[in-house]
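Step one of this worksheet: look at the structure below.
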Amino acid sequence: MDALTGLLEGPRARGAFMIRACFDPPWAVRVEDRAPLTVMLLVRGRAWIVPDEGERLLMSPGDLVIARGPAPYTCADAPGTAPQALILPGGECHYPDGRPLNGVMDLGVRTWGDRPDGATVMLIGTYQMRGEIGGRLLDALPPLLSLTAEVWDCPLTPFLMDEIVREAPGQEVVLDRLLDLLVIAALRTWFDRPEAEPPAWYRARADPVVGPVVRLLQDDPAHPWTVAGLAAKAGVSRAALARRFTRLVGEPPMTYLTGWRLALAADRLRDTDDTIGAIARQVGYGSAFALSTAFKRAYDVSPQEWRTRPA
């Protein structure tokens, strides 16, 4: 498992909210849904993404934007167009004055807006991500990540256009996986740009020594790893691995492993009913007490408190 794969395992779409938005100018939608990650792919027309803070973005056909929440923003045909609708958490849609839209803009299966063949058509997918593993990915992204059609060619667009309006057995799973593919393709393209400044964990994946070591730690966090053991696997000295790993990743191997183990434990505490002892063994701690001690040091609460408090 490489570094990007390991982090994307956390935010895989499950019942993601996906729509085809169709508008005629002038149009504007205010988004305050606090979604951690929203993907917007423009199929036709043009659209402005206007955050409350930071630079606004103009989208042309084929362009993709990933918005990292929870900051609000406005999608519009022009930066000055007043919003006609407000998107709130849970997919609730209201008029700007607070009145519910009550399906006024529903145009059929996963289609929303003015008319199905509107001048502007945008595919939108929203991840309701949560968890510490997903948080590592979000922390690596800017508030608005933009890829223009000039720097990437998305072969998924025609398939998404067909599938998003279908109702068939298993359709929700099909759309989830398509959204995952779209996000992975976009992030790989964005991180691999010549001018990109990807996070340390992403750069390290290409290193012939550190990359395999990171994969070992992520693939088998329960193993009783030591720097000496990892160095032997990598075919270098203990000191050489420690220096190289710290320089590329930004922290020593054992510190990275501890953070990965605790992030996995945090997510499993919320996503499973496994006992704290079982989770401790799964992530490399010998007992519930050992996990609890390390967990409280990192998160300031016990594993049980983490499990029961709201996400």
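Starting from 1 in every chain, residues are counted up; chains themselves are A, B, ... following the order of the structure tokens, and ligands are numbered from 1 as listed.
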
Write out, as a Markdown table, each residue of stretch 178-282 of chain A that has an atom at most 7 Å from stretch 292-311 of chain A, together with the closest pair of atoms and their distance in Å to one decimal, counting only C-alpha atoms, rows going by chain and rising number.
| residue | atom | partner | partner_atom | distance |
| --- | --- | --- | --- | --- |
| A:Leu262 | CA | A:Phe295 | CA | 6.4 |
| A:Leu269 | CA | A:Arg307 | CA | 5.3 |
| A:Arg270 | CA | A:Arg307 | CA | 5.3 |

Stretch 32-235 of chain A: residues DSSP assigns to helix (DSSP H, G or I), reported as a compact mmCIF listing (two decimals) with all heavy atoms, in the first residue's frame:
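Result file out_18.txt:
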# COMPACT_ATOMS: atom_id res chain seq x y z
N PRO A 89 -26.40 21.59 5.72
CA PRO A 89 -26.02 20.21 6.06
C PRO A 89 -27.17 19.24 5.86
O PRO A 89 -28.34 19.58 6.07
CB PRO A 89 -25.62 20.34 7.53
CG PRO A 89 -25.14 21.74 7.68
CD PRO A 89 -26.04 22.55 6.78
N GLY A 90 -26.80 18.01 5.46
CA GLY A 90 -27.82 17.00 5.22
C GLY A 90 -28.50 17.11 3.89
O GLY A 90 -29.50 16.43 3.63
N GLY A 91 -28.00 17.97 3.00
CA GLY A 91 -28.60 18.13 1.68
C GLY A 91 -29.87 18.95 1.68
O GLY A 91 -30.59 18.99 0.67
N GLU A 132 -9.70 10.22 11.46
CA GLU A 132 -8.34 10.74 11.55
C GLU A 132 -7.52 10.43 10.31
O GLU A 132 -6.68 11.23 9.89
CB GLU A 132 -7.66 10.14 12.80
CG GLU A 132 -8.34 10.54 14.08
CD GLU A 132 -8.43 12.03 14.25
OE1 GLU A 132 -7.36 12.67 14.40
OE2 GLU A 132 -9.54 12.58 14.21
N ILE A 133 -7.74 9.28 9.68
CA ILE A 133 -7.01 8.96 8.47
C ILE A 133 -7.41 9.93 7.36
O ILE A 133 -6.57 10.50 6.66
CB ILE A 133 -7.26 7.51 8.03
CG1 ILE A 133 -6.80 6.54 9.12
CG2 ILE A 133 -6.55 7.20 6.72
CD1 ILE A 133 -5.33 6.62 9.45
N GLY A 134 -8.70 10.14 7.20
CA GLY A 134 -9.16 11.11 6.21
C GLY A 134 -8.67 12.50 6.51
O GLY A 134 -8.39 13.28 5.60
N GLY A 135 -8.53 12.83 7.78
CA GLY A 135 -8.04 14.15 8.16
C GLY A 135 -6.64 14.40 7.67
O GLY A 135 -6.28 15.53 7.32
N ARG A 136 -5.80 13.37 7.62
CA ARG A 136 -4.45 13.54 7.10
C ARG A 136 -4.48 13.94 5.63
O ARG A 136 -3.65 14.72 5.18
CB ARG A 136 -3.66 12.24 7.27
CG ARG A 136 -3.35 11.90 8.72
CD ARG A 136 -2.41 10.71 8.80
NE ARG A 136 -2.00 10.47 10.18
CZ ARG A 136 -0.86 9.87 10.51
NH1 ARG A 136 -0.05 9.44 9.57
NH2 ARG A 136 -0.54 9.69 11.76
N LEU A 137 -5.42 13.39 4.89
CA LEU A 137 -5.55 13.77 3.49
C LEU A 137 -6.05 15.20 3.37
O LEU A 137 -5.50 16.01 2.61
CB LEU A 137 -6.49 12.81 2.78
CG LEU A 137 -6.81 13.14 1.32
CD1 LEU A 137 -5.55 13.12 0.47
CD2 LEU A 137 -7.84 12.17 0.76
N LEU A 138 -7.09 15.55 4.12
CA LEU A 138 -7.64 16.89 4.04
C LEU A 138 -6.61 17.95 4.40
O LEU A 138 -6.56 19.03 3.80
CB LEU A 138 -8.86 17.02 4.96
CG LEU A 138 -10.10 16.22 4.56
CD1 LEU A 138 -11.19 16.36 5.61
CD2 LEU A 138 -10.61 16.66 3.21
N ASP A 139 -5.78 17.66 5.39
CA ASP A 139 -4.77 18.63 5.82
C ASP A 139 -3.76 18.93 4.71
O ASP A 139 -3.09 19.96 4.75
CB ASP A 139 -4.03 18.11 7.06
CG ASP A 139 -4.91 18.13 8.30
OD1 ASP A 139 -5.96 18.80 8.27
OD2 ASP A 139 -4.55 17.47 9.29
N THR A 157 -15.86 11.40 -17.30
CA THR A 157 -16.97 12.34 -17.44
C THR A 157 -18.17 11.75 -18.20
O THR A 157 -19.30 11.81 -17.71
CB THR A 157 -16.50 13.64 -18.11
OG1 THR A 157 -15.45 14.21 -17.33
CG2 THR A 157 -17.64 14.64 -18.20
N PRO A 158 -17.99 11.16 -19.39
CA PRO A 158 -19.16 10.60 -20.08
C PRO A 158 -19.85 9.50 -19.27
O PRO A 158 -21.08 9.41 -19.25
CB PRO A 158 -18.56 10.04 -21.39
CG PRO A 158 -17.27 10.76 -21.57
CD PRO A 158 -16.76 11.00 -20.19
N PHE A 159 -19.05 8.66 -18.61
CA PHE A 159 -19.62 7.58 -17.81
C PHE A 159 -20.41 8.14 -16.64
O PHE A 159 -21.52 7.69 -16.33
CB PHE A 159 -18.49 6.68 -17.33
CG PHE A 159 -18.94 5.32 -16.86
CD1 PHE A 159 -20.06 4.71 -17.39
CD2 PHE A 159 -18.24 4.64 -15.88
CE1 PHE A 159 -20.48 3.46 -16.96
CE2 PHE A 159 -18.65 3.39 -15.43
CZ PHE A 159 -19.77 2.80 -15.98
N LEU A 160 -19.85 9.16 -15.97
CA LEU A 160 -20.56 9.79 -14.86
C LEU A 160 -21.87 10.42 -15.32
O LEU A 160 -22.89 10.34 -14.63
CB LEU A 160 -19.67 10.84 -14.21
CG LEU A 160 -18.68 10.36 -13.16
CD1 LEU A 160 -17.65 11.44 -12.85
CD2 LEU A 160 -19.40 9.95 -11.88
N MET A 161 -21.85 11.08 -16.47
CA MET A 161 -23.06 11.72 -16.99
C MET A 161 -24.17 10.69 -17.20
O MET A 161 -25.34 10.96 -16.93
CB MET A 161 -22.74 12.42 -18.30
CG MET A 161 -22.03 13.75 -18.13
SD MET A 161 -23.12 15.04 -17.46
CE MET A 161 -24.19 15.34 -18.88
N ASP A 162 -23.79 9.50 -17.68
CA ASP A 162 -24.79 8.45 -17.90
C ASP A 162 -25.29 7.84 -16.60
O ASP A 162 -26.49 7.62 -16.40
CB ASP A 162 -24.22 7.35 -18.79
CG ASP A 162 -24.01 7.81 -20.23
OD1 ASP A 162 -24.65 8.80 -20.64
OD2 ASP A 162 -23.19 7.18 -20.93
N GLU A 163 -24.35 7.56 -15.69
CA GLU A 163 -24.69 6.82 -14.49
C GLU A 163 -25.39 7.66 -13.43
O GLU A 163 -26.18 7.14 -12.65
CB GLU A 163 -23.42 6.21 -13.88
CG GLU A 163 -22.80 5.10 -14.71
CD GLU A 163 -23.69 3.86 -14.79
OE1 GLU A 163 -24.41 3.59 -13.81
OE2 GLU A 163 -23.67 3.18 -15.84
N GLN A 171 -26.94 0.93 -7.78
CA GLN A 171 -26.50 2.20 -8.37
C GLN A 171 -25.73 3.06 -7.38
O GLN A 171 -24.77 3.75 -7.75
CB GLN A 171 -27.71 2.97 -8.89
CG GLN A 171 -27.36 4.14 -9.79
CD GLN A 171 -26.69 3.70 -11.08
OE1 GLN A 171 -26.75 2.53 -11.45
NE2 GLN A 171 -26.02 4.63 -11.76
N GLU A 172 -26.12 3.03 -6.13
CA GLU A 172 -25.42 3.84 -5.13
C GLU A 172 -23.95 3.43 -5.02
O GLU A 172 -23.06 4.28 -4.94
CB GLU A 172 -26.10 3.69 -3.77
CG GLU A 172 -25.51 4.57 -2.68
CD GLU A 172 -26.28 4.45 -1.38
OE1 GLU A 172 -27.36 5.05 -1.27
OE2 GLU A 172 -25.79 3.74 -0.48
N VAL A 173 -23.70 2.12 -5.06
CA VAL A 173 -22.32 1.64 -4.98
C VAL A 173 -21.54 2.03 -6.22
O VAL A 173 -20.36 2.43 -6.14
CB VAL A 173 -22.29 0.11 -4.78
CG1 VAL A 173 -20.87 -0.42 -4.80
CG2 VAL A 173 -22.98 -0.27 -3.48
N VAL A 174 -22.18 1.94 -7.40
CA VAL A 174 -21.51 2.34 -8.64
C VAL A 174 -21.08 3.79 -8.57
O VAL A 174 -19.94 4.15 -8.91
CB VAL A 174 -22.46 2.11 -9.85
CG1 VAL A 174 -21.88 2.75 -11.11
CG2 VAL A 174 -22.68 0.63 -10.07
N LEU A 175 -21.97 4.66 -8.11
CA LEU A 175 -21.64 6.08 -8.03
C LEU A 175 -20.56 6.36 -7.00
O LEU A 175 -19.69 7.21 -7.20
CB LEU A 175 -22.90 6.89 -7.72
CG LEU A 175 -23.94 6.91 -8.84
CD1 LEU A 175 -25.22 7.59 -8.38
CD2 LEU A 175 -23.40 7.60 -10.09
N ASP A 176 -20.61 5.64 -5.87
CA ASP A 176 -19.56 5.80 -4.86
C ASP A 176 -18.19 5.48 -5.44
O ASP A 176 -17.22 6.21 -5.23
CB ASP A 176 -19.84 4.89 -3.66
CG ASP A 176 -20.92 5.43 -2.75
OD1 ASP A 176 -21.34 6.58 -2.95
OD2 ASP A 176 -21.35 4.69 -1.85
N ARG A 177 -18.09 4.36 -6.15
CA ARG A 177 -16.80 3.97 -6.69
C ARG A 177 -16.34 4.92 -7.80
O ARG A 177 -15.15 5.20 -7.94
CB ARG A 177 -16.86 2.54 -7.22
CG ARG A 177 -17.15 1.48 -6.18
CD ARG A 177 -16.05 1.32 -5.13
NE ARG A 177 -16.04 2.38 -4.11
CZ ARG A 177 -16.86 2.43 -3.07
NH1 ARG A 177 -17.77 1.49 -2.89
NH2 ARG A 177 -16.78 3.42 -2.20
N LEU A 178 -17.27 5.41 -8.62
CA LEU A 178 -16.90 6.38 -9.64
C LEU A 178 -16.38 7.66 -9.00
O LEU A 178 -15.41 8.26 -9.49
CB LEU A 178 -18.11 6.68 -10.54
CG LEU A 178 -18.49 5.62 -11.56
CD1 LEU A 178 -19.79 5.98 -12.26
CD2 LEU A 178 -17.37 5.44 -12.59
N LEU A 179 -17.01 8.08 -7.92
CA LEU A 179 -16.54 9.27 -7.22
C LEU A 179 -15.15 9.04 -6.63
O LEU A 179 -14.28 9.92 -6.70
CB LEU A 179 -17.53 9.66 -6.12
CG LEU A 179 -17.21 10.94 -5.35
CD1 LEU A 179 -17.09 12.13 -6.30
CD2 LEU A 179 -18.28 11.21 -4.31
N ASP A 180 -14.92 7.86 -6.08
CA ASP A 180 -13.58 7.53 -5.57
C ASP A 180 -12.54 7.62 -6.69
O ASP A 180 -11.47 8.19 -6.51
CB ASP A 180 -13.56 6.11 -4.99
CG ASP A 180 -14.27 6.01 -3.65
OD1 ASP A 180 -14.36 7.03 -2.96
OD2 ASP A 180 -14.72 4.90 -3.31
N LEU A 181 -12.85 7.03 -7.85
CA LEU A 181 -11.92 7.07 -8.97
C LEU A 181 -11.64 8.50 -9.41
O LEU A 181 -10.49 8.86 -9.72
CB LEU A 181 -12.47 6.27 -10.14
CG LEU A 181 -12.46 4.74 -10.00
CD1 LEU A 181 -13.24 4.10 -11.15
CD2 LEU A 181 -11.04 4.21 -9.99
N LEU A 182 -12.68 9.32 -9.43
CA LEU A 182 -12.52 10.71 -9.83
C LEU A 182 -11.60 11.45 -8.87
O LEU A 182 -10.69 12.18 -9.29
CB LEU A 182 -13.89 11.39 -9.89
CG LEU A 182 -13.92 12.82 -10.41
CD1 LEU A 182 -13.50 12.87 -11.87
CD2 LEU A 182 -15.32 13.42 -10.24
N VAL A 183 -11.81 11.25 -7.56
CA VAL A 183 -10.98 11.93 -6.57
C VAL A 183 -9.53 11.45 -6.65
O VAL A 183 -8.59 12.26 -6.61
CB VAL A 183 -11.55 11.69 -5.16
CG1 VAL A 183 -10.57 12.17 -4.09
CG2 VAL A 183 -12.87 12.42 -5.00
N ILE A 184 -9.32 10.14 -6.76
CA ILE A 184 -7.96 9.61 -6.82
C ILE A 184 -7.24 10.13 -8.06
O ILE A 184 -6.08 10.56 -8.00
CB ILE A 184 -7.98 8.07 -6.80
CG1 ILE A 184 -8.46 7.57 -5.44
CG2 ILE A 184 -6.59 7.51 -7.10
CD1 ILE A 184 -8.78 6.09 -5.41
N ALA A 185 -7.91 10.11 -9.22
CA ALA A 185 -7.29 10.60 -10.45
C ALA A 185 -6.94 12.08 -10.32
O ALA A 185 -5.86 12.52 -10.74
CB ALA A 185 -8.23 10.38 -11.63
N ALA A 186 -7.84 12.85 -9.72
CA ALA A 186 -7.60 14.28 -9.58
C ALA A 186 -6.43 14.56 -8.63
O ALA A 186 -5.57 15.40 -8.91
CB ALA A 186 -8.86 14.98 -9.08
N LEU A 187 -6.39 13.86 -7.50
CA LEU A 187 -5.33 14.11 -6.53
C LEU A 187 -3.98 13.68 -7.08
O LEU A 187 -2.96 14.36 -6.86
CB LEU A 187 -5.62 13.38 -5.22
CG LEU A 187 -6.81 13.90 -4.42
CD1 LEU A 187 -6.97 13.12 -3.13
CD2 LEU A 187 -6.66 15.39 -4.11
N ARG A 188 -3.92 12.56 -7.78
CA ARG A 188 -2.64 12.15 -8.37
C ARG A 188 -2.15 13.20 -9.36
O ARG A 188 -0.97 13.56 -9.38
CB ARG A 188 -2.79 10.80 -9.08
CG ARG A 188 -2.83 9.62 -8.14
CD ARG A 188 -2.54 8.33 -8.83
NE ARG A 188 -3.29 8.14 -10.07
CZ ARG A 188 -3.42 6.96 -10.67
NH1 ARG A 188 -2.85 5.90 -10.17
NH2 ARG A 188 -4.10 6.85 -11.79
N THR A 189 -3.06 13.69 -10.21
CA THR A 189 -2.67 14.71 -11.18
C THR A 189 -2.21 15.98 -10.49
O THR A 189 -1.20 16.58 -10.88
CB THR A 189 -3.85 15.02 -12.11
OG1 THR A 189 -4.26 13.83 -12.79
CG2 THR A 189 -3.48 16.08 -13.15
N TRP A 190 -2.92 16.37 -9.46
CA TRP A 190 -2.59 17.62 -8.77
C TRP A 190 -1.26 17.52 -8.03
O TRP A 190 -0.42 18.42 -8.11
CB TRP A 190 -3.71 17.99 -7.80
CG TRP A 190 -3.56 19.35 -7.22
CD1 TRP A 190 -3.80 20.55 -7.84
CD2 TRP A 190 -3.16 19.67 -5.88
NE1 TRP A 190 -3.56 21.57 -6.97
CE2 TRP A 190 -3.17 21.07 -5.77
CE3 TRP A 190 -2.80 18.89 -4.78
CZ2 TRP A 190 -2.82 21.71 -4.58
CZ3 TRP A 190 -2.46 19.53 -3.61
CH2 TRP A 190 -2.47 20.93 -3.52
N PHE A 191 -1.05 16.42 -7.32
CA PHE A 191 0.21 16.25 -6.59
C PHE A 191 1.40 16.11 -7.53
O PHE A 191 2.53 16.45 -7.16
CB PHE A 191 0.14 15.03 -5.68
CG PHE A 191 -0.65 15.23 -4.42
CD1 PHE A 191 -1.41 14.19 -3.88
CD2 PHE A 191 -0.64 16.44 -3.76
CE1 PHE A 191 -2.14 14.36 -2.71
CE2 PHE A 191 -1.37 16.62 -2.58
CZ PHE A 191 -2.12 15.59 -2.07
N ALA A 200 4.92 15.88 2.58
CA ALA A 200 6.10 15.03 2.71
C ALA A 200 5.76 13.56 2.51
O ALA A 200 6.50 12.82 1.86
CB ALA A 200 6.74 15.25 4.06
N TRP A 201 4.61 13.09 3.07
CA TRP A 201 4.27 11.68 2.96
C TRP A 201 4.06 11.27 1.50
O TRP A 201 4.28 10.12 1.13
CB TRP A 201 3.06 11.32 3.81
CG TRP A 201 1.82 12.14 3.57
CD1 TRP A 201 1.35 13.17 4.32
CD2 TRP A 201 0.86 11.97 2.50
NE1 TRP A 201 0.18 13.67 3.79
CE2 TRP A 201 -0.15 12.95 2.68
CE3 TRP A 201 0.76 11.09 1.43
CZ2 TRP A 201 -1.23 13.08 1.82
CZ3 TRP A 201 -0.31 11.21 0.56
CH2 TRP A 201 -1.30 12.21 0.76
N TYR A 202 3.64 12.23 0.66
CA TYR A 202 3.43 11.89 -0.75
C TYR A 202 4.75 11.87 -1.50
O TYR A 202 5.00 10.97 -2.32
CB TYR A 202 2.47 12.90 -1.38
CG TYR A 202 2.04 12.49 -2.78
CD1 TYR A 202 1.00 11.59 -2.96
CD2 TYR A 202 2.68 13.00 -3.90
CE1 TYR A 202 0.60 11.20 -4.23
CE2 TYR A 202 2.29 12.62 -5.18
CZ TYR A 202 1.24 11.73 -5.34
OH TYR A 202 0.86 11.34 -6.60
N ARG A 203 5.62 12.83 -1.23
CA ARG A 203 6.92 12.84 -1.89
C ARG A 203 7.74 11.59 -1.53
O ARG A 203 8.45 11.03 -2.36
CB ARG A 203 7.72 14.09 -1.47
CG ARG A 203 7.14 15.40 -1.98
CD ARG A 203 8.15 16.51 -1.83
NE ARG A 203 8.63 16.64 -0.46
CZ ARG A 203 8.07 17.42 0.45
NH1 ARG A 203 6.98 18.12 0.14
NH2 ARG A 203 8.57 17.50 1.67
N ALA A 204 7.60 11.16 -0.26
CA ALA A 204 8.42 10.03 0.20
C ALA A 204 8.08 8.74 -0.49
O ALA A 204 8.90 7.82 -0.53
CB ALA A 204 8.25 9.87 1.71
N ARG A 205 6.89 8.64 -1.07
CA ARG A 205 6.48 7.37 -1.68
C ARG A 205 7.37 6.97 -2.83
O ARG A 205 7.51 5.79 -3.15
CB ARG A 205 5.02 7.46 -2.15
CG ARG A 205 4.88 8.00 -3.56
CD ARG A 205 3.50 8.50 -3.89
NE ARG A 205 3.32 8.66 -5.32
CZ ARG A 205 3.87 9.63 -6.05
NH1 ARG A 205 4.69 10.50 -5.50
NH2 ARG A 205 3.63 9.72 -7.35
N ALA A 206 7.99 7.96 -3.48
CA ALA A 206 8.83 7.68 -4.64
C ALA A 206 10.27 7.35 -4.28
O ALA A 206 11.04 6.93 -5.14
CB ALA A 206 8.80 8.87 -5.60
N VAL A 210 12.79 5.00 1.52
CA VAL A 210 11.74 5.41 2.45
C VAL A 210 10.36 4.95 1.98
O VAL A 210 9.52 4.55 2.79
CB VAL A 210 11.77 6.93 2.66
CG1 VAL A 210 10.60 7.39 3.54
CG2 VAL A 210 13.09 7.35 3.29
N GLY A 211 10.12 4.97 0.66
CA GLY A 211 8.81 4.55 0.16
C GLY A 211 8.42 3.15 0.60
O GLY A 211 7.34 2.96 1.17
N PRO A 212 9.27 2.14 0.39
CA PRO A 212 8.92 0.80 0.85
C PRO A 212 8.76 0.70 2.37
O PRO A 212 7.93 -0.08 2.86
CB PRO A 212 10.11 -0.04 0.38
CG PRO A 212 10.66 0.68 -0.80
CD PRO A 212 10.48 2.14 -0.48
N VAL A 213 9.52 1.49 3.13
CA VAL A 213 9.39 1.46 4.58
C VAL A 213 8.03 2.01 5.01
O VAL A 213 7.36 1.45 5.88
CB VAL A 213 10.54 2.24 5.24
CG1 VAL A 213 10.27 2.45 6.73
CG2 VAL A 213 11.86 1.50 5.06
N VAL A 214 7.61 3.11 4.39
CA VAL A 214 6.29 3.66 4.71
C VAL A 214 5.21 2.64 4.40
O VAL A 214 4.25 2.46 5.18
CB VAL A 214 6.04 4.97 3.93
CG1 VAL A 214 4.58 5.41 4.07
CG2 VAL A 214 6.96 6.08 4.44
N ARG A 215 5.34 1.94 3.28
CA ARG A 215 4.34 0.92 2.93
C ARG A 215 4.33 -0.21 3.95
O ARG A 215 3.26 -0.73 4.29
CB ARG A 215 4.61 0.40 1.53
CG ARG A 215 4.25 1.39 0.43
CD ARG A 215 4.25 0.76 -0.94
NE ARG A 215 5.59 0.49 -1.44
CZ ARG A 215 6.34 1.38 -2.08
NH1 ARG A 215 5.89 2.60 -2.29
NH2 ARG A 215 7.54 1.05 -2.53
N LEU A 216 5.49 -0.62 4.44
CA LEU A 216 5.54 -1.65 5.48
C LEU A 216 4.79 -1.22 6.72
O LEU A 216 4.01 -1.98 7.31
CB LEU A 216 7.00 -1.96 5.83
CG LEU A 216 7.80 -2.79 4.82
CD1 LEU A 216 9.28 -2.81 5.22
CD2 LEU A 216 7.27 -4.22 4.74
N LEU A 217 5.01 0.01 7.15
CA LEU A 217 4.36 0.51 8.37
C LEU A 217 2.85 0.59 8.19
O LEU A 217 2.09 0.25 9.10
CB LEU A 217 4.93 1.89 8.72
CG LEU A 217 6.42 1.94 9.07
CD1 LEU A 217 6.85 3.37 9.33
CD2 LEU A 217 6.73 1.06 10.28
N GLN A 218 2.41 1.04 7.00
CA GLN A 218 0.97 1.18 6.78
C GLN A 218 0.29 -0.17 6.57
O GLN A 218 -0.84 -0.37 7.01
CB GLN A 218 0.72 2.09 5.57
CG GLN A 218 1.09 3.53 5.83
CD GLN A 218 0.72 4.43 4.67
OE1 GLN A 218 0.59 3.99 3.53
NE2 GLN A 218 0.55 5.71 4.95
N ASP A 219 0.98 -1.08 5.90
CA ASP A 219 0.37 -2.38 5.63
C ASP A 219 0.23 -3.24 6.88
O ASP A 219 -0.72 -4.03 6.99
CB ASP A 219 1.20 -3.14 4.59
CG ASP A 219 1.01 -2.60 3.19
OD1 ASP A 219 0.08 -1.81 2.99
OD2 ASP A 219 1.79 -2.97 2.30
N VAL A 227 13.45 0.46 14.30
CA VAL A 227 14.22 1.12 13.24
C VAL A 227 15.23 0.15 12.66
O VAL A 227 15.45 0.10 11.43
CB VAL A 227 14.90 2.39 13.77
CG1 VAL A 227 15.76 3.02 12.68
CG2 VAL A 227 13.87 3.39 14.27
N ALA A 228 15.84 -0.66 13.51
CA ALA A 228 16.82 -1.64 13.03
C ALA A 228 16.16 -2.65 12.09
O ALA A 228 16.72 -3.01 11.05
CB ALA A 228 17.48 -2.35 14.21
N GLY A 229 14.98 -3.14 12.47
CA GLY A 229 14.28 -4.09 11.62
C GLY A 229 13.87 -3.49 10.29
O GLY A 229 13.97 -4.14 9.24
N LEU A 230 13.40 -2.25 10.31
CA LEU A 230 13.02 -1.58 9.07
C LEU A 230 14.25 -1.33 8.19
O LEU A 230 14.19 -1.48 6.97
CB LEU A 230 12.33 -0.25 9.39
CG LEU A 230 10.94 -0.36 10.03
CD1 LEU A 230 10.51 0.99 10.60
CD2 LEU A 230 9.91 -0.85 9.01
N ALA A 231 15.35 -0.95 8.84
CA ALA A 231 16.58 -0.71 8.08
C ALA A 231 17.05 -1.98 7.39
O ALA A 231 17.51 -1.95 6.23
CB ALA A 231 17.66 -0.16 9.01
N ALA A 232 16.93 -3.11 8.08
CA ALA A 232 17.33 -4.38 7.47
C ALA A 232 16.45 -4.70 6.27
O ALA A 232 16.94 -5.18 5.23
CB ALA A 232 17.23 -5.50 8.51
N LYS A 233 15.14 -4.42 6.37
CA LYS A 233 14.25 -4.64 5.24
C LYS A 233 14.63 -3.75 4.06
O LYS A 233 14.51 -4.15 2.89
CB LYS A 233 12.80 -4.35 5.66
CG LYS A 233 12.20 -5.32 6.63
CD LYS A 233 11.68 -6.56 5.92
CE LYS A 233 10.87 -7.45 6.86
NZ LYS A 233 10.38 -8.67 6.17
N ALA A 234 15.06 -2.52 4.38
CA ALA A 234 15.39 -1.55 3.33
C ALA A 234 16.80 -1.73 2.79
O ALA A 234 17.15 -1.12 1.76
CB ALA A 234 15.20 -0.14 3.86

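Within the 12 Å cut-off around A:Arg281, using only C-alpha atoms and omitting residues fewer than 6 positions from it on the same chain, the listed residues are Asp220, Pro221, Ala222, His223, Pro224, Arg261, Leu262, Leu264, Ala265, Arg268, Asp274, Thr275, Ser287, Ala288, Phe289, Ala290 and Leu291 of chain A.
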
Contact residues around A:Trp152 with only C-alpha atoms at 9 Å, ignoring same-chain residues under 3 positions, as a PyMOL selection string: chain A and resi 62-63+147-149+186+189

Between atom CA of A:Pro100 and atom CA of A:Thr38, what is the distance in Å, rounded to a tenth?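 Computed distance, atom CA of A:Pro100 to atom CA of A:Thr38, equals 22.3 Å.
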
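Our summary of the geometry notes that atom CA of A:Val104 is positioned 27.0 Å from atom CA of A:Ile66.
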
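Each of A:Leu107, A:Ala266, A:Tyr285, A:Val209 was compared to A:Val249 using only C-alpha atoms, and A:Val209 turns out to be the nearest.
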
All residues 7 Å or closer to A:Leu86, only C-alpha atoms, same chain fewer than 3 positions away omitted, as a PyMOL selection string: chain A and resi 29-31+93-96

Save out the residues we just selected, C-alpha atoms, as a tab-separated table (two decimals), in the first residue's frame.
chain	number	residue	atom	x	y	z
A	29	VAL	CA	-26.12	28.76	-5.15
A	30	ARG	CA	-24.76	29.41	-1.67
A	31	VAL	CA	-23.16	26.27	-0.15
A	93	CYS	CA	-32.19	23.19	0.24
A	94	HIS	CA	-33.66	26.55	1.21
A	95	TYR	CA	-34.35	29.92	-0.34
A	96	PRO	CA	-31.93	32.61	0.89

Please list as a ChimeraX atom specification every residue within 8 Å of stretch 18-23 of chain A, counting only C-alpha atoms and excluding residues in the same chain fewer than 6 positions away. /A:110-126,161,164-165,175

Proximity to A:Leu37 - best of A:Pro194, A:Gly69, A:Pro253, A:Pro61, only C-alpha atoms: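 Among the listed residues, the smallest separation from A:Leu37 belongs to A:Gly69.
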